[in-house]
Amino acid sequence: MDPLKSILGPKVNGTRVVPIVTKIVTLFSIFLLVSNFASNYINLTMNRGELTKLANRLLVKDLAELYGFASNQYEIYRFNNNLTDAVDTMRENAAKNLTGESSTAFAIREDGSFLFWASKKPIPEKFDDDQSLTTMKESRTKQKAEGRIYFNHEGSSYFGMFKYSDKWDAYLVRAESIEEFERDTWKIFYQISGIIVIMTLLCLFVGAFLVRRILRFVNHMTQSIMKMQADMKLKIIDLGNAPHDDVTYLGASFNSLSSTIDNLLSIFRRFVTQDIAQRAYTEREVRLEGTTKQLTILFSDIKGFTFMTETLGNDIIDVLNLHYQRAIKKIHDEGGIVGSIIGDALLAVFGTIETEQNKSLCSLKAAYLIQDVAAELRKEIAGKREEIVRRRGALTESEEKVYRAVLLEVGVGVDGGEVFYGNIGSYERMTNTVIGDNVNSSSRLEGLTRIYKVPVICSEYVRDEVENCSSSFKFLEIDLVQVKGKTLGKRIYWPIRSEFVDDSFEAEAVLFEKGLSAYYAGDWPTAREHFKTVKLPVADVFRERIAGENAPDNWNGIWAMTTK
């Protein structure tokens with residue numbers, strides 16, 4: 001798993017789902033760092049205050065020594081009258097107590113000139129902080145002539161103590177650089193801050209492990225719910241070995257709710273198409289709306305349904321359910337949706353759900369899978385009959401009638417094109433529907449399977465789409481018909497699965513196509529010669545249609561159907 005995704009969480013519908021462990025750890029890390037840094041800074045400030053007091057006391061001590069030594073040197077100066085030696089001696093004595101790079105001791109006259117300067121830094125020309133000099137002068141008027149002083153000199157800030165020497169008529173000053181004084185405290189601050197960061201990271205690592213351990217089922221529940229959302233299917237969260245806490249209680253409550261909702265969704269999906277159920281799940285509503293789409297329509301009908309109904313009575317429902325249970329699964333497996341079921345008729349739509357395969361190709365595959373389902377059911381029923389015959393010798397007349405009634409035979413018509421697909425009705429009661437000429441055409445094509453004695457008939461639209469993407473089917477043109485309710489002719493085709501096309505079939509197909517070509521051209525005698533030797537069941541209708549007949553005078557190759 002991606003470590004970054006584990007920390008930041010995955011994105012769902014463009015929104016980042018941040019794990020609660022990450023939020024807790026981040027929040028506490030901020031609190032820990034802020035509180036520790038604040039404590040460290042407060043400690044720095046308080047210690048700096050104490051250090052400043054201590055430094056002031058040391059400066060007072062140094063200044064007192066400097067003042068006493070200056071007084072002694074003044075007496076010596078008065079004795080030998082050598083000012084240079086006296087000043088040099090005072091400077092050397094003052095320099096002994098200077099330890100910092102910017103530590104300084106000096107004597108300054110009221111005009112800002114220096115009597116002496118003791119420091120590792122070079123002597124400046126003049127004392128340039130007039131405000132501080134004024135402060136020292138004012139101290140004399142208050143008869144103090146000493147005190148604490150803060151001054152700026154040549155870009156540096158200083159703090160120190162001063163005392164006026166009336167013998168030398170100068171202010172003796174002992175001072176330290178504020179920047180240098182605080183440098184060590186900041187160094188300590190940064191070192192302690194580094195230790196705080198390291199300790200915080202260690203604590204966070206341990207804390208994150210413990211929090212993840214405590215809240216491990218939160219992540220488990222979240223991952224399970226995300227998978228449910230992706231699959232659009234509610235499931236039960238596995239709470240095995242979960243601790244007895246409120247998180248587990250939430251999971252158990254979700255499982256209870258999930259079971260109830262999943263049951264309702266299962267019922268909902270049985271009454272609506274897959275695409276409607278998917279949109280309702282993602283959009284949280286079902287709207288009355290529709291669009292024009294290019295779809296392929298499959299219409300399936302059970303032959304001899306009237307005889308079945310009269311023979312089986314209420315038991316017809318069990319037979320239909322047995323057939324539809326298998327047939328609908330095959331349609332769904334091929335990416336189709338069941339639009340409606342009306343008794344023995346089933347309408348399926350292909351192209352509403354995006355798949356990698358062509359919608360018309362999927363519809364033909366489904367058409368033959370429906371035929372396979374019916375054939376398998378007939379085989380199972382025939383096996384039951386043989387078992388009864390072996391056990392009892394024969395079936396009664398009524399049982400034989402029932403047997404014939406449950407031998408399902410199905411016809412399938414497939415057409416496609418531009419249709420209206422959507423929801424109609426009202427917000428109190430609505431249904432999903434597909435409307436268009438091609439929908440009616442698929443029903444008419446299914447009806448033609450009884451006439452032409454083939455299992456599946458499709459339109460030119462379906463043939464063109466399939467031939468452009470696959471060689472799974474061979475298409476045999478079987479007629480140009482004008483179905484009832486239409487004014488134009490429509491070419492119809494018998495799609496045959498390629499695995500069943502052998503040399504013998506190819507020869508029969510070529511012979512049939514020659515007959516059909518002569519039939520279209522109005523040369524019915526030649527057509528009869530070709531059709532009479534064709535063994536394909538589709539030739540029967542032409543042998544019967546043109547037997548002993550010539551083409552009408554206004555013949556255009558289109559055969560008008562008088563029934564549905």
# chains A, B, ... in the order shown; residues from 1 in each chain; ligands from 1
>>> residues_around(residues="region 58-66 of chain A", least_positions_apart="6", cutoff="8 Å", atoms="only C-alpha atoms", output="list in words")
Met90, Asn93, Ala94, Asn97, Gly160, Met161, Phe162, Lys163, Leu172, Val173, Arg174 and Ala175 of chain A
>>> write_last_selection(atoms="C-alpha atoms", output="PDB file, in the first residue's frame")
ATOM      1  CA  MET A  90      43.696  51.979  34.388  1.00  0.00           C
ATOM      2  CA  ASN A  93      43.550  46.876  34.971  1.00  0.00           C
ATOM      3  CA  ALA A  94      40.051  47.154  33.473  1.00  0.00           C
ATOM      4  CA  ASN A  97      37.974  41.390  33.819  1.00  0.00           C
ATOM      5  CA  GLY A 160      26.049  47.981  31.892  1.00  0.00           C
ATOM      6  CA  MET A 161      26.685  50.028  34.987  1.00  0.00           C
ATOM      7  CA  PHE A 162      28.211  53.513  35.287  1.00  0.00           C
ATOM      8  CA  LYS A 163      29.642  55.639  38.121  1.00  0.00           C
ATOM      9  CA  LEU A 172      33.433  55.021  34.475  1.00  0.00           C
ATOM     10  CA  VAL A 173      31.453  52.401  32.557  1.00  0.00           C
ATOM     11  CA  ARG A 174      31.528  48.607  32.633  1.00  0.00           C
ATOM     12  CA  ALA A 175      29.290  47.075  29.897  1.00  0.00           C
TER      13      ALA A 175
END
>>> select_by_dssp(residues="region 55-272 of chain A", states="strand (DSSP E)", output="JSON, numbers by chain")
{"A": [104, 105, 106, 107, 108, 114, 115, 116, 117, 118, 119, 146, 147, 148, 149, 150, 151, 152, 153, 156, 157, 158, 159, 160, 161, 162, 163, 164, 165, 170, 171, 172, 173, 174, 175, 176, 177]}
>>> residues_around(residues="region 432-441 of chain A", least_positions_apart="2", cutoff="8 Å", atoms="only C-alpha atoms", output="VMD selection string")
chain A and resid 272 to 273 297 339 to 340 415 to 424 430 443 to 445
>>> residues_around(residues="Asp464 (chain A)", least_positions_apart="6", cutoff="12 Å", atoms="only C-alpha atoms", output="ChimeraX atom specification")
/A:358-361,415-417,458,470-471,473-475,491-493,495
>>> write_last_selection(atoms="N, CA and C atoms", output="short mmCIF file (atom, residue, chain, number, x, y, z; two decimals), in the first residue's frame")
data_model
loop_
_atom_site.label_atom_id
_atom_site.label_comp_id
_atom_site.auth_asym_id
_atom_site.auth_seq_id
_atom_site.Cartn_x
_atom_site.Cartn_y
_atom_site.Cartn_z
N ASN A 358 -18.92 -4.64 -28.46
CA ASN A 358 -19.97 -3.97 -29.22
C ASN A 358 -21.34 -4.42 -28.75
N LYS A 359 -22.27 -3.48 -28.66
CA LYS A 359 -23.59 -3.78 -28.11
C LYS A 359 -24.35 -4.79 -28.97
N SER A 360 -24.24 -4.69 -30.31
CA SER A 360 -24.95 -5.62 -31.19
C SER A 360 -24.35 -7.02 -31.10
N LEU A 361 -23.02 -7.08 -30.97
CA LEU A 361 -22.37 -8.39 -30.81
C LEU A 361 -22.84 -9.05 -29.51
N ASP A 415 -32.89 -5.87 -33.33
CA ASP A 415 -32.76 -4.70 -34.18
C ASP A 415 -32.12 -3.59 -33.35
N GLY A 416 -31.69 -2.54 -34.01
CA GLY A 416 -31.04 -1.46 -33.28
C GLY A 416 -31.10 -0.16 -34.04
N GLY A 417 -30.70 0.89 -33.33
CA GLY A 417 -30.71 2.22 -33.93
C GLY A 417 -31.01 3.27 -32.89
N CYS A 458 -32.08 -10.95 -37.33
CA CYS A 458 -31.64 -9.60 -36.99
C CYS A 458 -31.75 -8.68 -38.20
N SER A 470 -16.22 -8.01 -35.42
CA SER A 470 -16.02 -9.41 -35.03
C SER A 470 -16.37 -10.33 -36.19
N SER A 471 -15.77 -11.52 -36.14
CA SER A 471 -16.10 -12.57 -37.11
C SER A 471 -16.79 -13.73 -36.41
N PHE A 473 -19.88 -14.27 -36.07
CA PHE A 473 -21.12 -14.69 -36.72
C PHE A 473 -21.02 -14.54 -38.22
N LYS A 474 -21.69 -15.47 -38.91
CA LYS A 474 -21.90 -15.36 -40.36
C LYS A 474 -23.34 -14.95 -40.57
N PHE A 475 -23.57 -13.99 -41.44
CA PHE A 475 -24.92 -13.48 -41.66
C PHE A 475 -25.43 -13.93 -43.03
N ARG A 491 -34.30 -5.43 -45.01
CA ARG A 491 -33.52 -6.64 -45.20
C ARG A 491 -33.35 -7.33 -43.85
N ILE A 492 -33.58 -8.63 -43.84
CA ILE A 492 -33.45 -9.37 -42.59
C ILE A 492 -32.41 -10.47 -42.77
N TYR A 493 -31.76 -10.82 -41.65
CA TYR A 493 -30.62 -11.74 -41.71
C TYR A 493 -30.73 -12.81 -40.63
N PRO A 495 -28.36 -14.71 -38.31
CA PRO A 495 -26.97 -14.78 -37.82
C PRO A 495 -26.66 -16.19 -37.32
#
>>> residues_around(residues="region 362-371 of chain A", least_positions_apart="6", cutoff="10 Å", atoms="only C-alpha atoms", output="ChimeraX atom specification")
/A:296-300,323-324,326-336,348-351,355,377,408-416,455-458,462-463,466,472-473,495-497
>>> residues_around(residues="Val402 (chain A)", least_positions_apart="2", cutoff="12 Å", atoms="only C-alpha atoms", output="PyMOL selection string")
chain A and resi 307-313+315-316+319+381-382+385+395-400+404-408
